>>> print(open('coords.cif').read())   # mmCIF, C-alpha atoms
data_entry
loop_
_atom_site.label_atom_id
_atom_site.label_comp_id
_atom_site.auth_asym_id
_atom_site.auth_seq_id
_atom_site.Cartn_x
_atom_site.Cartn_y
_atom_site.Cartn_z
CA MET A 1 -188.59 37.43 -7.04
CA ILE A 2 -189.16 39.26 -10.33
CA MET A 3 -188.51 37.16 -13.43
CA LYS A 4 -186.06 38.44 -16.01
CA HIS A 5 -187.43 38.69 -19.54
CA LYS A 6 -185.21 35.86 -20.73
CA ASP A 7 -186.62 33.48 -18.14
CA TYR A 8 -190.04 33.47 -19.77
CA TYR A 9 -188.51 31.62 -22.72
CA ASP A 10 -187.88 28.31 -20.96
CA ASP A 11 -188.69 24.66 -21.64
CA GLN A 12 -192.36 25.14 -20.78
CA TYR A 13 -192.54 28.00 -23.25
CA ILE A 14 -190.96 25.84 -25.96
CA GLN A 15 -193.53 23.11 -25.40
CA ASP A 16 -196.45 25.55 -25.44
CA PHE A 17 -195.12 27.46 -28.45
CA SER A 18 -194.51 24.28 -30.43
CA GLU A 19 -198.14 23.28 -29.88
CA LYS A 20 -199.32 26.68 -31.11
CA LEU A 21 -197.19 26.42 -34.25
CA ALA A 22 -198.32 22.87 -34.93
CA PHE A 23 -201.95 23.97 -34.66
CA VAL A 24 -201.61 26.53 -37.48
CA MET A 25 -198.99 24.63 -39.53
CA PRO A 26 -200.00 21.03 -40.26
CA ASP A 27 -196.51 20.23 -41.61
CA PHE A 28 -194.64 21.73 -38.67
CA ASP A 29 -192.12 19.24 -37.22
CA GLN A 30 -192.97 19.66 -33.57
CA GLN A 31 -190.61 16.90 -32.43
CA ALA A 32 -187.58 18.37 -34.22
CA PHE A 33 -188.37 21.84 -32.90
CA SER A 34 -188.60 20.68 -29.30
CA HIS A 35 -185.53 18.44 -29.57
CA ALA A 36 -183.44 21.38 -30.81
CA LEU A 37 -184.37 23.59 -27.84
CA LEU A 38 -185.43 21.72 -24.72
CA GLY A 39 -182.76 22.00 -22.03
CA LYS A 40 -180.56 24.17 -24.24
CA LEU A 41 -181.59 27.74 -23.44
CA ASP A 42 -180.79 28.14 -19.74
CA ASP A 43 -177.28 29.53 -20.27
CA LYS A 44 -178.33 32.04 -22.96
CA GLU A 45 -179.36 35.67 -22.73
CA LEU A 46 -182.62 37.05 -24.12
CA PHE A 47 -181.81 37.70 -27.77
CA ALA A 48 -179.61 34.61 -28.00
CA ARG A 49 -182.65 32.60 -26.93
CA PHE A 50 -184.72 34.26 -29.65
CA ASP A 51 -182.13 33.40 -32.26
CA CYS A 52 -182.02 29.78 -31.15
CA ILE A 53 -185.81 29.60 -31.29
CA VAL A 54 -185.93 31.15 -34.77
CA ASP A 55 -183.17 28.80 -35.97
CA ALA A 56 -185.29 25.87 -34.78
CA MET A 57 -188.40 27.36 -36.40
CA GLU A 58 -186.61 27.58 -39.73
CA GLN A 59 -185.54 23.94 -39.47
CA SER A 60 -189.02 22.76 -38.52
CA MET A 61 -191.22 24.80 -40.89
CA GLY A 62 -191.48 24.99 -44.66
CA ARG A 63 -189.17 27.37 -46.51
CA ASP A 64 -191.93 29.48 -48.03
CA TYR A 65 -191.79 32.72 -46.03
CA SER A 66 -195.10 34.08 -47.29
CA GLN A 67 -196.89 30.85 -46.47
CA ASN A 68 -195.40 30.83 -42.98
CA VAL A 69 -196.48 34.39 -42.30
CA GLN A 70 -200.00 33.65 -43.48
CA ALA A 71 -200.07 30.92 -40.83
CA PHE A 72 -198.75 33.33 -38.20
CA PHE A 73 -201.82 35.53 -38.68
CA GLN A 74 -203.79 32.66 -37.13
CA LEU A 75 -201.58 32.69 -34.03
CA LEU A 76 -202.24 36.23 -32.95
CA GLY A 77 -205.40 36.08 -30.89
CA PRO A 78 -207.32 39.08 -29.53
CA GLU A 79 -205.99 42.62 -29.71
CA LEU A 80 -204.78 44.42 -26.60
CA GLU A 81 -207.59 46.53 -25.22
CA GLU A 82 -205.40 49.30 -23.79
CA ALA A 83 -202.15 51.12 -24.48
CA LYS A 84 -200.36 48.84 -22.05
CA GLY A 85 -199.97 45.19 -21.24
CA MET A 86 -197.80 44.48 -24.26
CA PHE A 87 -195.32 42.30 -22.41
CA ASN A 88 -197.85 40.91 -19.97
CA PHE A 89 -199.98 39.40 -22.73
CA GLY A 90 -198.04 39.34 -25.98
CA TRP A 91 -194.51 38.48 -24.93
CA TRP A 92 -194.78 34.92 -26.26
CA LEU A 93 -194.99 36.32 -29.81
CA TRP A 94 -191.50 37.83 -29.73
CA PRO A 95 -189.83 34.95 -31.64
CA VAL A 96 -192.47 35.36 -34.37
CA GLY A 97 -191.47 38.99 -34.73
CA ARG A 98 -187.83 37.92 -34.71
CA TYR A 99 -188.51 35.55 -37.60
CA VAL A 100 -190.13 38.38 -39.57
CA GLU A 101 -187.22 40.64 -38.67
CA ARG A 102 -184.87 38.08 -40.19
CA HIS A 103 -186.84 37.30 -43.38
CA GLY A 104 -189.36 40.12 -43.84
CA ASN A 105 -187.85 41.54 -47.01
CA GLU A 106 -188.68 38.32 -48.85
CA ASP A 107 -192.20 39.78 -49.07
CA PHE A 108 -192.09 43.23 -47.51
CA CYS A 109 -195.71 44.15 -48.33
CA LEU A 110 -197.02 41.04 -46.60
CA SER A 111 -194.59 41.66 -43.73
CA LEU A 112 -195.96 45.18 -43.27
CA SER A 113 -199.51 43.86 -43.18
CA PHE A 114 -198.51 41.28 -40.60
CA LEU A 115 -196.62 43.74 -38.42
CA LYS A 116 -199.63 46.02 -38.35
CA GLU A 117 -201.57 43.15 -36.78
CA LEU A 118 -198.71 41.92 -34.61
CA THR A 119 -198.23 45.31 -32.97
CA LYS A 120 -201.83 45.24 -31.78
CA ARG A 121 -200.81 42.27 -29.60
CA PHE A 122 -197.10 42.77 -28.97
CA THR A 123 -194.66 44.94 -30.92
CA GLY A 124 -193.21 45.16 -34.41
CA GLU A 125 -190.65 47.87 -33.72
CA TYR A 126 -187.64 45.61 -34.31
CA ALA A 127 -189.06 43.62 -37.21
CA ILE A 128 -189.98 46.73 -39.18
CA ARG A 129 -186.45 48.15 -39.20
CA PRO A 130 -185.00 45.85 -41.91
CA LEU A 131 -188.01 46.76 -44.07
CA LEU A 132 -187.28 50.46 -43.54
CA LYS A 133 -183.63 49.93 -44.37
CA GLU A 134 -184.38 48.11 -47.63
CA HIS A 135 -187.53 49.98 -48.74
CA PRO A 136 -187.41 53.31 -46.88
CA ALA A 137 -189.76 55.44 -48.96
CA GLU A 138 -192.41 52.76 -49.48
CA VAL A 139 -192.48 51.71 -45.83
CA MET A 140 -192.52 55.27 -44.51
CA ASP A 141 -195.40 56.12 -46.83
CA GLU A 142 -197.31 53.28 -45.16
CA LEU A 143 -196.30 54.51 -41.71
CA ILE A 144 -197.67 57.94 -42.56
CA ILE A 145 -201.04 56.24 -43.13
CA TRP A 146 -200.64 54.39 -39.83
CA THR A 147 -200.28 57.68 -37.94
CA LYS A 148 -204.00 58.18 -38.58
CA ASP A 149 -205.01 54.69 -37.46
CA GLN A 150 -207.59 54.28 -34.71
CA ASN A 151 -205.43 51.71 -32.93
CA VAL A 152 -202.96 53.28 -30.51
CA HIS A 153 -200.41 50.49 -31.01
CA VAL A 154 -200.36 51.03 -34.77
CA ARG A 155 -199.83 54.77 -34.30
CA ARG A 156 -197.09 54.11 -31.80
CA LEU A 157 -195.29 51.72 -34.16
CA ALA A 158 -195.34 54.37 -36.89
CA SER A 159 -193.17 56.46 -34.59
CA GLU A 160 -191.17 53.87 -32.64
CA GLY A 161 -189.99 51.97 -35.71
CA VAL A 162 -188.23 55.00 -37.21
CA ARG A 163 -186.28 55.96 -34.09
CA ILE A 164 -182.59 56.44 -34.79
CA ARG A 165 -181.49 54.94 -31.49
CA LEU A 166 -184.09 52.30 -30.63
CA PRO A 167 -182.85 50.38 -27.56
CA TRP A 168 -181.58 46.86 -28.26
CA SER A 169 -181.24 47.69 -31.96
CA GLN A 170 -178.60 49.03 -34.33
CA LYS A 171 -178.84 52.69 -35.29
CA LEU A 172 -181.13 53.38 -38.22
CA PHE A 173 -180.77 56.65 -40.14
CA VAL A 174 -183.91 56.49 -42.27
CA ALA A 175 -185.10 59.53 -40.28
CA LEU A 176 -182.32 61.57 -41.88
CA ASP A 177 -182.37 59.90 -45.29
CA GLU A 178 -186.13 60.38 -45.66
CA PHE A 179 -186.40 63.47 -43.52
CA GLU A 180 -189.52 64.95 -45.14
CA ARG A 181 -191.45 61.73 -44.58
CA TYR A 182 -190.04 61.48 -41.06
CA VAL A 183 -191.24 64.99 -40.23
CA THR A 184 -194.70 64.09 -41.53
CA ILE A 185 -194.86 61.03 -39.27
CA LEU A 186 -193.91 62.97 -36.14
CA THR A 187 -196.06 65.97 -37.02
CA ASN A 188 -199.12 63.77 -37.56
CA LEU A 189 -198.60 62.42 -34.03
CA LYS A 190 -197.60 65.59 -32.18
CA ASP A 191 -201.10 66.06 -30.72
CA ASP A 192 -201.86 62.40 -30.09
CA PRO A 193 -203.94 62.00 -26.92
CA GLU A 194 -202.22 58.79 -25.79
CA LYS A 195 -199.12 59.14 -23.59
CA PHE A 196 -197.89 55.82 -25.05
CA VAL A 197 -197.58 57.55 -28.44
CA GLN A 198 -196.39 60.87 -27.04
CA LYS A 199 -193.46 59.16 -25.31
CA SER A 200 -192.39 57.53 -28.57
CA VAL A 201 -192.51 60.83 -30.47
CA GLY A 202 -190.55 62.54 -27.70
CA ASN A 203 -187.96 59.78 -27.79
CA ASN A 204 -187.66 60.32 -31.54
CA LEU A 205 -186.84 63.98 -30.96
CA ASN A 206 -184.38 63.03 -28.22
CA ASP A 207 -182.62 60.64 -30.61
CA LEU A 208 -182.59 63.29 -33.33
CA TYR A 209 -181.02 65.85 -30.99
CA LYS A 210 -178.08 63.48 -30.54
CA GLU A 211 -177.49 63.10 -34.29
CA ALA A 212 -178.75 66.30 -35.93
CA PRO A 213 -179.82 68.85 -33.31
CA GLU A 214 -180.53 71.54 -35.90
CA LYS A 215 -183.13 69.29 -37.51
CA ALA A 216 -184.80 68.66 -34.15
CA GLU A 217 -184.91 72.40 -33.51
CA MET A 218 -186.44 72.95 -36.94
CA ILE A 219 -189.25 70.47 -36.26
CA ILE A 220 -190.04 72.03 -32.91
CA ALA A 221 -190.03 75.53 -34.40
CA GLN A 222 -192.49 74.44 -37.09
CA TRP A 223 -194.77 72.91 -34.48
CA LYS A 224 -194.75 76.00 -32.27
CA ASN A 225 -195.60 78.20 -35.24
CA SER A 226 -198.66 76.09 -36.01
CA GLY A 227 -200.15 76.20 -32.51
CA GLN A 228 -199.77 74.43 -29.19
CA SER A 229 -201.41 71.60 -27.29
CA LYS A 230 -200.74 69.86 -24.00
CA ALA A 231 -199.62 66.77 -25.90
CA GLN A 232 -197.22 68.75 -28.07
CA ASP A 233 -195.78 70.60 -25.07
CA TRP A 234 -195.15 67.33 -23.24
CA ILE A 235 -193.55 65.75 -26.33
CA ILE A 236 -191.21 68.71 -26.81
CA LYS A 237 -190.19 68.70 -23.16
CA HIS A 238 -189.57 64.95 -23.29
CA GLY A 239 -187.62 65.28 -26.53
CA MET A 240 -185.41 68.06 -25.17
CA ARG A 241 -184.68 66.40 -21.83
CA ASN A 242 -181.05 65.58 -22.65
CA ARG A 243 -180.31 68.55 -24.87
CA LYS A 244 -177.00 70.19 -24.10
CA GLU A 245 -177.58 73.79 -23.19
CA GLU A 246 -175.30 76.34 -24.79
CA ARG A 247 -172.72 77.64 -22.36
#
>>> encode(input="coords.cif", output="structure tokens")
Amino acid sequence: MIMKHKDYYDDQYIQDFSEKLAFVMPDFDQQAFSHALLGKLDDKELFARFDCIVDAMEQSMGRDYSQNVQAFFQLLGPELEEAKGMFNFGWWLWPVGRYVERHGNEDFCLSLSFLKELTKRFTGEYAIRPLLKEHPAEVMDELIIWTKDQNVHVRRLASEGVRIRLPWSQKLFVALDEFERYVTILTNLKDDPEKFVQKSVGNNLNDLYKEAPEKAEMIIAQWKNSGQSKAQDWIIKHGMRNRKEER
């Protein structure tokens, strides 16, 4: 029987996670954290479990966000070696990302630095969206730099975080509000050799077609005028997969 994602976050997870937090946070109240969660997650869905875990983290850690995030750096462990395995190996870090998603704008520069490291083990695509909403130009300028990063997960986050219609997330229109920067991000990645990144860029175009199809067409036209590659052709095809043909 295949486990549902939510079922990974059970009592055993809480015990293991509390030990990890206590190891990097000497003042972490492990007993209070466990008491707040053990036996109380079974009836909750995935994101409700995350919110309960983050609530308990907030009650059991210090209130200094920056200090907490500095401790989280010590949790991360080795980077993923391939462009896959994110959930297989890094799933236990999701509540950490959820905490950053909730509080990241308290120190958005530190949060960006942390998410760059987090995404090499799991994902920062949800946690980066409040940063984009509050500091769109500054964060997108950083993402433009990330499009050139050697790490495939960092490049993928540069694209995935700015999607208008990211699954399991509210719509984010920074792509339209900062369109020039958005085009730069996608254009920098249009020839990326990794299918993991190509799929994200294609999904960006697919999202854009649903909100501003003329802008999606403009991007594709610019790309075609500057040359073609197998990666670019695949991205365009993937991005246009749900486009409504003119009758």
>>> atom_distance(input="coords.cif", atom1="CA of Ile145 in chain A", atom2="CA of Asn225 in chain A")
24.0 Å
>>> closest_residue(input="coords.cif", among="A:Phe50, A:Tyr65, A:Phe28, A:Phe196", to="Phe108 in chain A", atoms="only C-alpha atoms")
A:Tyr65
>>> resolve_selection(input="coords.cif", expression="the PyMOL selection byres ((chain A and resi 79) around 6)", output="list of chain:residue names")
A:Pro78, A:Leu80, A:Lys120, A:Arg121
>>> atom_distance(input="coords.cif", atom1="CA of Pro193 in chain A", atom2="CA of Ala231 in chain A")
6.5 Å
>>> residues_around(input="coords.cif", residues="range 207-222 of chain A", least_positions_apart="6", cutoff="10 Å", atoms="only C-alpha atoms", output="JSON, numbers by chain")
{"A": [163, 164, 165, 166, 171, 173, 175, 176, 179, 183, 184, 186, 187, 190, 201, 232, 233, 235, 236, 239, 240, 241, 242, 243, 244]}
>>> resolve_selection(input="coords.cif", expression="the PyMOL selection byres ((chain A and resi 72-75) around 8)", output="PyMOL selection string")
chain A and resi 20-21+24+68-71+76-77+96+114+117
>>> closest_residue(input="coords.cif", among="A:Gly161, A:Pro167, A:Pro26, A:Gly124", to="Leu93 in chain A", atoms="only C-alpha atoms")
A:Gly124
>>> atom_distance(input="coords.cif", atom1="CA of Leu143 in chain A", atom2="CA of Ile185 in chain A")
7.1 Å
>>> resolve_selection(input="coords.cif", expression="the PyMOL selection byres ((chain A and resi 86) around 12)", output="ChimeraX atom specification")
/A:79-85,87-94,118-124,152-153,196
>>> write_last_selection(input="coords.cif", atoms="C-alpha atoms", output="PDB file, keeping the file's coordinate frame")
ATOM      1  CA  GLU A  79    -205.990  42.620 -29.710  1.00  0.00           C
ATOM      2  CA  LEU A  80    -204.780  44.420 -26.600  1.00  0.00           C
ATOM      3  CA  GLU A  81    -207.590  46.530 -25.220  1.00  0.00           C
ATOM      4  CA  GLU A  82    -205.400  49.300 -23.790  1.00  0.00           C
ATOM      5  CA  ALA A  83    -202.150  51.120 -24.480  1.00  0.00           C
ATOM      6  CA  LYS A  84    -200.360  48.840 -22.050  1.00  0.00           C
ATOM      7  CA  GLY A  85    -199.970  45.190 -21.240  1.00  0.00           C
ATOM      8  CA  PHE A  87    -195.320  42.300 -22.410  1.00  0.00           C
ATOM      9  CA  ASN A  88    -197.850  40.910 -19.970  1.00  0.00           C
ATOM     10  CA  PHE A  89    -199.980  39.400 -22.730  1.00  0.00           C
ATOM     11  CA  GLY A  90    -198.040  39.340 -25.980  1.00  0.00           C
ATOM     12  CA  TRP A  91    -194.510  38.480 -24.930  1.00  0.00           C
ATOM     13  CA  TRP A  92    -194.780  34.920 -26.260  1.00  0.00           C
ATOM     14  CA  LEU A  93    -194.990  36.320 -29.810  1.00  0.00           C
ATOM     15  CA  TRP A  94    -191.500  37.830 -29.730  1.00  0.00           C
ATOM     16  CA  LEU A 118    -198.710  41.920 -34.610  1.00  0.00           C
ATOM     17  CA  THR A 119    -198.230  45.310 -32.970  1.00  0.00           C
ATOM     18  CA  LYS A 120    -201.830  45.240 -31.780  1.00  0.00           C
ATOM     19  CA  ARG A 121    -200.810  42.270 -29.600  1.00  0.00           C
ATOM     20  CA  PHE A 122    -197.100  42.770 -28.970  1.00  0.00           C
ATOM     21  CA  THR A 123    -194.660  44.940 -30.920  1.00  0.00           C
ATOM     22  CA  GLY A 124    -193.210  45.160 -34.410  1.00  0.00           C
ATOM     23  CA  VAL A 152    -202.960  53.280 -30.510  1.00  0.00           C
ATOM     24  CA  HIS A 153    -200.410  50.490 -31.010  1.00  0.00           C
ATOM     25  CA  PHE A 196    -197.890  55.820 -25.050  1.00  0.00           C
TER      26      PHE A 196
END
>>> closest_residue(input="coords.cif", among="A:Asp141, A:Asp10, A:His103, A:Gln67", to="Asp55 in chain A", atoms="only C-alpha atoms")
A:His103
>>> closest_residue(input="coords.cif", among="A:Met140, A:Val54, A:Ala48, A:Leu131", to="Ala36 in chain A", atoms="all atoms listed in the file")
A:Val54
>>> axis_aligned_box(input="coords.cif", around="range 217-228 of chain A", padding_each_side="5 Å", output="AutoDock Vina command-line options")
--center_x -192.5 --center_y 74.3 --center_z -33.1 --size_x 25.2 --size_y 17.7 --size_z 17.9
>>> closest_residue(input="coords.cif", among="A:Gln228, A:Ser159, A:Gln15, A:Asn188", to="Ser200 in chain A", atoms="all atoms listed in the file")
A:Ser159
